[in-house]
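S.K.: Once you've had a glance at the structure underneath, I'll fire off some questions.
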Amino acid sequence: MPYEYDDQNVFARILRGEIPSTPVAESEHALAFPDITPQAPEHILVIPRGPYVTFDHFCAEASDAEIVDFHRLVARVCAERGLTAADGGEGHRAIANAGRNGVQEVPHYHLHLIGGRRLGRMLQPA
Ligand code: AMP
């Protein structure tokens, strides 16, 4: 079944300016802002401006321009916020939760960029 996009989700409302956010970076097709409940010293969400529910939805249906622009913004955020692993940097973890098993809360695709401390193993036991 194709994805159905709920345009009342909190990130859609942020994109429409109905809920405040403080962007740390933006581009033609994407926006980056701090997670309201940070899990580490750095916890940035990067979202496409378009109506995509999950990472796989974005990969399947976004235009090439949107996909490139989104990932270039990810690179910019990593460089600007000390999250890159290049040049001896400390690195980060990028997480995209999807659906029930991914325990996705907000049904608008978002990439969590988390860093600023050592994060431990990737998954905890369920
Ligand atoms: P997920 O479980 O991957 O869907 O994560 C959703 C994330 O959105 C959580 O980490 C929340 O803390 C975050 N979040 C929810 N509402 C807001 C908001 N208004 N501004 C920033 N982050 C939010």
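By order in the structure tokens, chains are A, B, ...; within a chain, residues start at 1; ligands start at 1, following the order shown.
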Name the residues, by chain letter and number, that sit within 9 Å of ligand 1 using only C-alpha atoms and all ligand atoms, and give them as a compact mmCIF listing (two decimals) with N, CA, C and O atoms, in the first residue's frame.
M.R.:
# COMPACT_ATOMS: atom_id res chain seq x y z
N VAL A 10 3.58 17.04 13.50
CA VAL A 10 4.26 18.20 14.10
C VAL A 10 5.31 18.81 13.16
O VAL A 10 5.48 20.03 13.14
N PHE A 11 5.98 18.00 12.36
CA PHE A 11 7.01 18.58 11.49
C PHE A 11 6.38 19.30 10.30
O PHE A 11 6.92 20.32 9.82
N ARG A 13 3.71 20.95 10.61
CA ARG A 13 3.29 22.21 11.24
C ARG A 13 4.50 23.14 11.43
O ARG A 13 4.38 24.36 11.27
N ILE A 14 5.65 22.59 11.76
CA ILE A 14 6.86 23.41 11.84
C ILE A 14 7.18 24.00 10.46
O ILE A 14 7.47 25.20 10.33
N ILE A 19 4.16 25.96 14.31
CA ILE A 19 4.84 25.62 15.57
C ILE A 19 6.24 26.19 15.45
O ILE A 19 6.89 26.03 14.40
N PRO A 20 6.73 26.86 16.52
CA PRO A 20 8.06 27.47 16.40
C PRO A 20 9.18 26.43 16.40
O PRO A 20 9.06 25.36 17.00
N SER A 21 10.24 26.76 15.71
CA SER A 21 11.47 25.97 15.76
C SER A 21 12.61 26.95 15.51
O SER A 21 12.38 28.07 15.04
N THR A 22 13.79 26.54 15.83
CA THR A 22 14.96 27.39 15.63
C THR A 22 15.89 26.67 14.66
O THR A 22 16.72 25.87 15.09
N PHE A 33 16.91 21.38 12.53
CA PHE A 33 16.62 22.07 13.79
C PHE A 33 16.88 21.11 14.95
O PHE A 33 16.90 19.89 14.76
N PRO A 34 17.08 21.66 16.16
CA PRO A 34 17.38 20.79 17.30
C PRO A 34 16.18 19.94 17.70
O PRO A 34 15.04 20.42 17.67
N ASP A 35 16.45 18.71 18.11
CA ASP A 35 15.40 17.86 18.69
C ASP A 35 14.98 18.47 20.03
O ASP A 35 15.81 18.90 20.82
N ILE A 36 13.69 18.48 20.27
CA ILE A 36 13.16 19.10 21.49
C ILE A 36 13.51 18.29 22.74
O ILE A 36 13.52 18.82 23.85
N THR A 37 13.83 17.01 22.55
CA THR A 37 14.22 16.14 23.67
C THR A 37 15.58 15.52 23.32
O THR A 37 15.66 14.34 22.94
N PRO A 38 16.64 16.30 23.43
CA PRO A 38 17.94 15.80 22.95
C PRO A 38 18.43 14.59 23.74
O PRO A 38 18.30 14.54 24.96
N GLN A 39 18.97 13.63 23.03
CA GLN A 39 19.48 12.40 23.64
C GLN A 39 20.99 12.47 23.85
O GLN A 39 21.59 11.51 24.34
N HIS A 43 21.97 16.95 19.04
CA HIS A 43 20.87 16.11 18.51
C HIS A 43 20.05 16.99 17.57
O HIS A 43 19.19 17.76 17.99
N ILE A 44 20.36 16.87 16.31
CA ILE A 44 19.75 17.69 15.27
C ILE A 44 18.86 16.79 14.40
O ILE A 44 19.23 15.66 14.08
N LEU A 45 17.71 17.31 14.03
CA LEU A 45 16.83 16.62 13.09
C LEU A 45 16.93 17.32 11.74
O LEU A 45 16.89 18.55 11.67
N ILE A 95 20.24 8.33 12.51
CA ILE A 95 19.18 7.34 12.73
C ILE A 95 17.91 7.82 12.03
O ILE A 95 17.52 8.98 12.15
N ALA A 96 17.28 6.91 11.30
CA ALA A 96 15.97 7.20 10.71
C ALA A 96 15.01 6.10 11.14
O ALA A 96 15.12 4.96 10.67
N ASN A 97 14.12 6.41 12.05
CA ASN A 97 13.13 5.44 12.50
C ASN A 97 11.97 5.41 11.51
O ASN A 97 11.56 6.44 10.99
N ALA A 98 11.42 4.22 11.29
CA ALA A 98 10.29 4.09 10.35
C ALA A 98 9.27 3.10 10.89
O ALA A 98 9.62 1.95 11.23
N GLY A 99 8.04 3.57 10.97
CA GLY A 99 6.93 2.66 11.25
C GLY A 99 6.96 2.04 12.64
O GLY A 99 7.65 2.51 13.54
N GLY A 102 10.27 0.41 13.84
CA GLY A 102 11.27 1.45 14.05
C GLY A 102 10.90 2.41 15.16
O GLY A 102 11.68 3.29 15.50
N VAL A 103 9.70 2.24 15.71
CA VAL A 103 9.18 3.10 16.79
C VAL A 103 9.26 4.58 16.38
O VAL A 103 9.82 5.42 17.06
N GLN A 104 8.67 4.84 15.20
CA GLN A 104 8.63 6.21 14.68
C GLN A 104 7.47 6.96 15.31
O GLN A 104 6.32 6.50 15.27
N GLU A 105 7.76 8.11 15.90
CA GLU A 105 6.70 8.92 16.54
C GLU A 105 6.10 9.93 15.58
O GLU A 105 4.90 10.17 15.59
N VAL A 106 6.94 10.58 14.80
CA VAL A 106 6.46 11.65 13.93
C VAL A 106 6.50 11.15 12.48
O VAL A 106 7.57 10.83 11.96
N PRO A 107 5.32 11.09 11.82
CA PRO A 107 5.25 10.49 10.49
C PRO A 107 5.62 11.44 9.35
O PRO A 107 4.90 11.56 8.35
N HIS A 108 6.72 12.14 9.55
CA HIS A 108 7.34 12.95 8.48
C HIS A 108 8.81 12.57 8.54
O HIS A 108 9.44 12.71 9.60
N TYR A 109 9.36 12.10 7.43
CA TYR A 109 10.74 11.61 7.44
C TYR A 109 11.69 12.61 8.10
O TYR A 109 11.67 13.80 7.78
N HIS A 110 12.50 12.10 9.01
CA HIS A 110 13.52 12.93 9.66
C HIS A 110 14.72 12.08 9.96
O HIS A 110 14.60 10.91 10.34
N LEU A 111 15.88 12.66 9.80
CA LEU A 111 17.13 11.99 10.13
C LEU A 111 17.65 12.60 11.42
O LEU A 111 17.84 13.82 11.50
N HIS A 112 17.83 11.76 12.43
CA HIS A 112 18.44 12.22 13.68
C HIS A 112 19.96 12.22 13.49
O HIS A 112 20.54 11.19 13.11
S.K.: Mind the document's chain letters and residue numbers, and return as a ChimeraX atom specification the residues of chain A that DSSP labels alpha helix (DSSP H).
M.R.: /A:10-15,55-61,64-80,99-102
S.K.: Could you take the residues named above and write them with N, CA and C atoms, as a CSV table (one decimal), in the first residue's frame?
M.R.:
chain,number,residue,atom,x,y,z
A,10,VAL,N,3.6,17.0,13.5
A,10,VAL,CA,4.3,18.2,14.1
A,10,VAL,C,5.3,18.8,13.2
A,11,PHE,N,6.0,18.0,12.4
A,11,PHE,CA,7.0,18.6,11.5
A,11,PHE,C,6.4,19.3,10.3
A,12,ALA,N,5.2,18.8,9.8
A,12,ALA,CA,4.5,19.6,8.8
A,12,ALA,C,4.1,20.9,9.3
A,13,ARG,N,3.7,20.9,10.6
A,13,ARG,CA,3.3,22.2,11.2
A,13,ARG,C,4.5,23.1,11.4
A,14,ILE,N,5.6,22.6,11.8
A,14,ILE,CA,6.9,23.4,11.8
A,14,ILE,C,7.2,24.0,10.5
A,15,LEU,N,7.1,23.2,9.4
A,15,LEU,CA,7.4,23.7,8.1
A,15,LEU,C,6.4,24.8,7.6
A,55,PHE,N,12.2,7.2,5.5
A,55,PHE,CA,13.4,7.2,4.7
A,55,PHE,C,13.1,6.5,3.3
A,56,ASP,N,12.5,5.3,3.4
A,56,ASP,CA,12.3,4.6,2.1
A,56,ASP,C,11.3,5.3,1.2
A,57,HIS,N,10.3,5.9,1.8
A,57,HIS,CA,9.4,6.7,1.0
A,57,HIS,C,10.1,7.9,0.3
A,58,PHE,N,11.0,8.6,1.1
A,58,PHE,CA,11.8,9.7,0.5
A,58,PHE,C,12.6,9.1,-0.7
A,59,CYS,N,13.3,8.0,-0.4
A,59,CYS,CA,14.2,7.5,-1.4
A,59,CYS,C,13.4,7.0,-2.7
A,60,ALA,N,12.2,6.6,-2.5
A,60,ALA,CA,11.4,6.1,-3.6
A,60,ALA,C,10.8,7.2,-4.4
A,61,GLU,N,10.3,8.3,-3.8
A,61,GLU,CA,9.5,9.2,-4.5
A,61,GLU,C,10.0,10.6,-4.6
A,64,ASP,N,15.4,13.7,-7.7
A,64,ASP,CA,16.9,13.7,-7.5
A,64,ASP,C,17.3,15.0,-6.8
A,65,ALA,N,16.7,16.1,-7.2
A,65,ALA,CA,17.2,17.4,-6.6
A,65,ALA,C,16.9,17.4,-5.1
A,66,GLU,N,15.7,16.9,-4.7
A,66,GLU,CA,15.4,16.9,-3.2
A,66,GLU,C,16.4,16.0,-2.5
A,67,ILE,N,16.7,14.8,-3.1
A,67,ILE,CA,17.6,13.9,-2.4
A,67,ILE,C,19.0,14.4,-2.3
A,68,VAL,N,19.5,15.0,-3.3
A,68,VAL,CA,20.8,15.6,-3.3
A,68,VAL,C,20.8,16.8,-2.3
A,69,ASP,N,19.9,17.6,-2.4
A,69,ASP,CA,19.8,18.8,-1.5
A,69,ASP,C,19.8,18.4,0.0
A,70,PHE,N,18.9,17.4,0.3
A,70,PHE,CA,18.8,16.9,1.7
A,70,PHE,C,20.1,16.5,2.2
A,71,HIS,N,20.8,15.6,1.4
A,71,HIS,CA,22.0,15.1,1.9
A,71,HIS,C,23.2,16.1,2.0
A,72,ARG,N,23.2,17.0,1.1
A,72,ARG,CA,24.2,18.1,1.2
A,72,ARG,C,23.9,18.9,2.5
A,73,LEU,N,22.7,19.1,2.9
A,73,LEU,CA,22.4,19.8,4.1
A,73,LEU,C,22.9,19.0,5.3
A,74,VAL,N,22.7,17.7,5.3
A,74,VAL,CA,23.2,16.8,6.3
A,74,VAL,C,24.7,17.0,6.4
A,75,ALA,N,25.4,17.1,5.3
A,75,ALA,CA,26.9,17.3,5.4
A,75,ALA,C,27.2,18.6,5.9
A,76,ARG,N,26.5,19.6,5.6
A,76,ARG,CA,26.7,21.0,6.1
A,76,ARG,C,26.5,21.0,7.6
A,77,VAL,N,25.4,20.4,8.1
A,77,VAL,CA,25.2,20.4,9.5
A,77,VAL,C,26.3,19.7,10.3
A,78,CYS,N,26.7,18.5,9.7
A,78,CYS,CA,27.8,17.8,10.4
A,78,CYS,C,29.1,18.6,10.4
A,79,ALA,N,29.4,19.3,9.3
A,79,ALA,CA,30.6,20.1,9.3
A,79,ALA,C,30.5,21.3,10.3
A,80,GLU,N,29.4,21.9,10.3
A,80,GLU,CA,29.2,23.2,11.1
A,80,GLU,C,29.1,22.9,12.6
A,99,GLY,N,8.0,3.6,11.0
A,99,GLY,CA,6.9,2.7,11.2
A,99,GLY,C,7.0,2.0,12.6
A,100,ARG,N,6.2,1.0,12.8
A,100,ARG,CA,6.0,0.4,14.1
A,100,ARG,C,7.3,-0.2,14.7
A,101,ASN,N,7.9,-1.0,13.9
A,101,ASN,CA,9.2,-1.7,14.4
A,101,ASN,C,10.3,-0.7,14.6
A,102,GLY,N,10.3,0.4,13.8
A,102,GLY,CA,11.3,1.5,14.0
A,102,GLY,C,10.9,2.4,15.2
S.K.: For a test of reading the model, state the distance in Å between atom CA of A:Thr84 and atom CA of A:Gly120, rounded to one decimal.
M.R.: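 Result for atom CA of A:Thr84 versus atom CA of A:Gly120: 17.3 Å, one decimal.
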S.K.: One decimal, in Å: what's the spacing between atom CA of A:Leu119 and atom CA of A:Val53?
M.R.: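 Calculated distance between atom CA of A:Leu119 and atom CA of A:Val53 is 26.3 Å.
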S.K.: Which residue out of A:Gly91, A:Val24, A:Val46, A:Tyr52 has the minimum interatomic distance to A:Asp7 when only C-alpha atoms are used?
M.R.: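 Among the listed residues, A:Tyr52 lies closest to A:Asp7.
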S.K.: Write out as number ranges by chain which residues come within 7 Å of A:Arg93 when counting only C-alpha atoms, dropping same-chain ones fewer than 3 positions away.
M.R.: A: 113-115
S.K.: Would you save the residues from that selection as a short mmCIF file (atom, residue, chain, number, x, y, z; two decimals), in the first residue's frame, using all heavy atoms?
M.R.:
data_model
loop_
_atom_site.label_atom_id
_atom_site.label_comp_id
_atom_site.auth_asym_id
_atom_site.auth_seq_id
_atom_site.Cartn_x
_atom_site.Cartn_y
_atom_site.Cartn_z
N LEU A 113 20.61 13.33 13.77
CA LEU A 113 22.08 13.39 13.81
C LEU A 113 22.46 13.59 15.26
O LEU A 113 22.14 14.63 15.86
CB LEU A 113 22.60 14.56 12.95
CG LEU A 113 22.31 14.48 11.46
CD1 LEU A 113 22.79 15.76 10.79
CD2 LEU A 113 22.97 13.25 10.84
N ILE A 114 23.10 12.59 15.83
CA ILE A 114 23.34 12.58 17.28
C ILE A 114 24.84 12.46 17.54
O ILE A 114 25.53 11.63 16.93
CB ILE A 114 22.60 11.39 17.92
CG1 ILE A 114 21.10 11.48 17.61
CG2 ILE A 114 22.82 11.35 19.43
CD1 ILE A 114 20.31 10.26 18.02
N GLY A 115 25.35 13.29 18.43
CA GLY A 115 26.78 13.24 18.73
C GLY A 115 27.11 14.08 19.94
O GLY A 115 26.25 14.41 20.76
#
S.K.: To test your reading of the structure, identify every residue in chain A that backbone DSSP assigns to strand (DSSP E), and report it as a list in words.
M.R.: Ala25, Glu26, Ala30, Leu31, Ala32, Phe33, Pro34, Glu42, His43, Ile44, Leu45, Val46, Ile47, Pro48, His92, Arg93, Ala94, Ile95, Leu111, His112, Leu113, Ile114 and Gly115 of chain A
S.K.: Could the residues in this selection be written to a file with N, CA and C atoms, as an mmCIF file, in the first residue's frame?
M.R.:
data_model
loop_
_atom_site.group_PDB
_atom_site.id
_atom_site.type_symbol
_atom_site.label_atom_id
_atom_site.label_comp_id
_atom_site.auth_asym_id
_atom_site.auth_seq_id
_atom_site.Cartn_x
_atom_site.Cartn_y
_atom_site.Cartn_z
ATOM 1 N N ALA A 25 20.101 25.182 10.199
ATOM 2 C CA ALA A 25 20.505 25.271 8.790
ATOM 3 C C ALA A 25 19.279 24.994 7.937
ATOM 4 N N GLU A 26 19.264 25.574 6.749
ATOM 5 C CA GLU A 26 18.171 25.270 5.835
ATOM 6 C C GLU A 26 18.626 25.373 4.401
ATOM 7 N N ALA A 30 15.164 21.309 2.344
ATOM 8 C CA ALA A 30 15.327 20.647 3.646
ATOM 9 C C ALA A 30 15.545 21.676 4.751
ATOM 10 N N LEU A 31 15.311 21.214 5.974
ATOM 11 C CA LEU A 31 15.421 22.068 7.152
ATOM 12 C C LEU A 31 16.069 21.251 8.273
ATOM 13 N N ALA A 32 16.929 21.909 9.073
ATOM 14 C CA ALA A 32 17.579 21.240 10.203
ATOM 15 C C ALA A 32 17.319 22.058 11.458
ATOM 16 N N PHE A 33 16.912 21.378 12.532
ATOM 17 C CA PHE A 33 16.620 22.075 13.788
ATOM 18 C C PHE A 33 16.882 21.110 14.946
ATOM 19 N N PRO A 34 17.076 21.662 16.160
ATOM 20 C CA PRO A 34 17.381 20.791 17.299
ATOM 21 C C PRO A 34 16.182 19.942 17.704
ATOM 22 N N GLU A 42 24.675 16.932 21.157
ATOM 23 C CA GLU A 42 24.216 17.365 19.828
ATOM 24 C C GLU A 42 23.132 16.406 19.358
ATOM 25 N N HIS A 43 21.965 16.950 19.044
ATOM 26 C CA HIS A 43 20.869 16.109 18.514
ATOM 27 C C HIS A 43 20.052 16.988 17.569
ATOM 28 N N ILE A 44 20.363 16.866 16.310
ATOM 29 C CA ILE A 44 19.746 17.687 15.266
ATOM 30 C C ILE A 44 18.862 16.792 14.400
ATOM 31 N N LEU A 45 17.706 17.312 14.031
ATOM 32 C CA LEU A 45 16.829 16.625 13.085
ATOM 33 C C LEU A 45 16.934 17.317 11.736
ATOM 34 N N VAL A 46 17.088 16.539 10.696
ATOM 35 C CA VAL A 46 17.062 17.078 9.333
ATOM 36 C C VAL A 46 15.827 16.503 8.647
ATOM 37 N N ILE A 47 15.001 17.390 8.102
ATOM 38 C CA ILE A 47 13.756 16.941 7.457
ATOM 39 C C ILE A 47 13.678 17.508 6.042
ATOM 40 N N PRO A 48 13.081 16.740 5.139
ATOM 41 C CA PRO A 48 12.786 17.316 3.822
ATOM 42 C C PRO A 48 11.571 18.232 3.941
ATOM 43 N N HIS A 92 29.433 10.938 14.661
ATOM 44 C CA HIS A 92 28.029 11.031 15.073
ATOM 45 C C HIS A 92 27.333 9.722 14.735
ATOM 46 N N ARG A 93 26.064 9.635 15.080
ATOM 47 C CA ARG A 93 25.212 8.540 14.585
ATOM 48 C C ARG A 93 24.026 9.159 13.882
ATOM 49 N N ALA A 94 23.674 8.624 12.711
ATOM 50 C CA ALA A 94 22.486 9.059 11.967
ATOM 51 C C ALA A 94 21.445 7.954 12.071
ATOM 52 N N ILE A 95 20.243 8.329 12.513
ATOM 53 C CA ILE A 95 19.177 7.342 12.728
ATOM 54 C C ILE A 95 17.915 7.816 12.027
ATOM 55 N N LEU A 111 15.877 12.663 9.799
ATOM 56 C CA LEU A 111 17.127 11.987 10.127
ATOM 57 C C LEU A 111 17.649 12.605 11.417
ATOM 58 N N HIS A 112 17.828 11.757 12.429
ATOM 59 C CA HIS A 112 18.442 12.215 13.685
ATOM 60 C C HIS A 112 19.955 12.220 13.487
ATOM 61 N N LEU A 113 20.612 13.327 13.770
ATOM 62 C CA LEU A 113 22.078 13.391 13.807
ATOM 63 C C LEU A 113 22.462 13.595 15.263
ATOM 64 N N ILE A 114 23.102 12.594 15.833
ATOM 65 C CA ILE A 114 23.344 12.578 17.283
ATOM 66 C C ILE A 114 24.836 12.459 17.538
ATOM 67 N N GLY A 115 25.346 13.292 18.433
ATOM 68 C CA GLY A 115 26.777 13.235 18.735
ATOM 69 C C GLY A 115 27.113 14.076 19.944
#
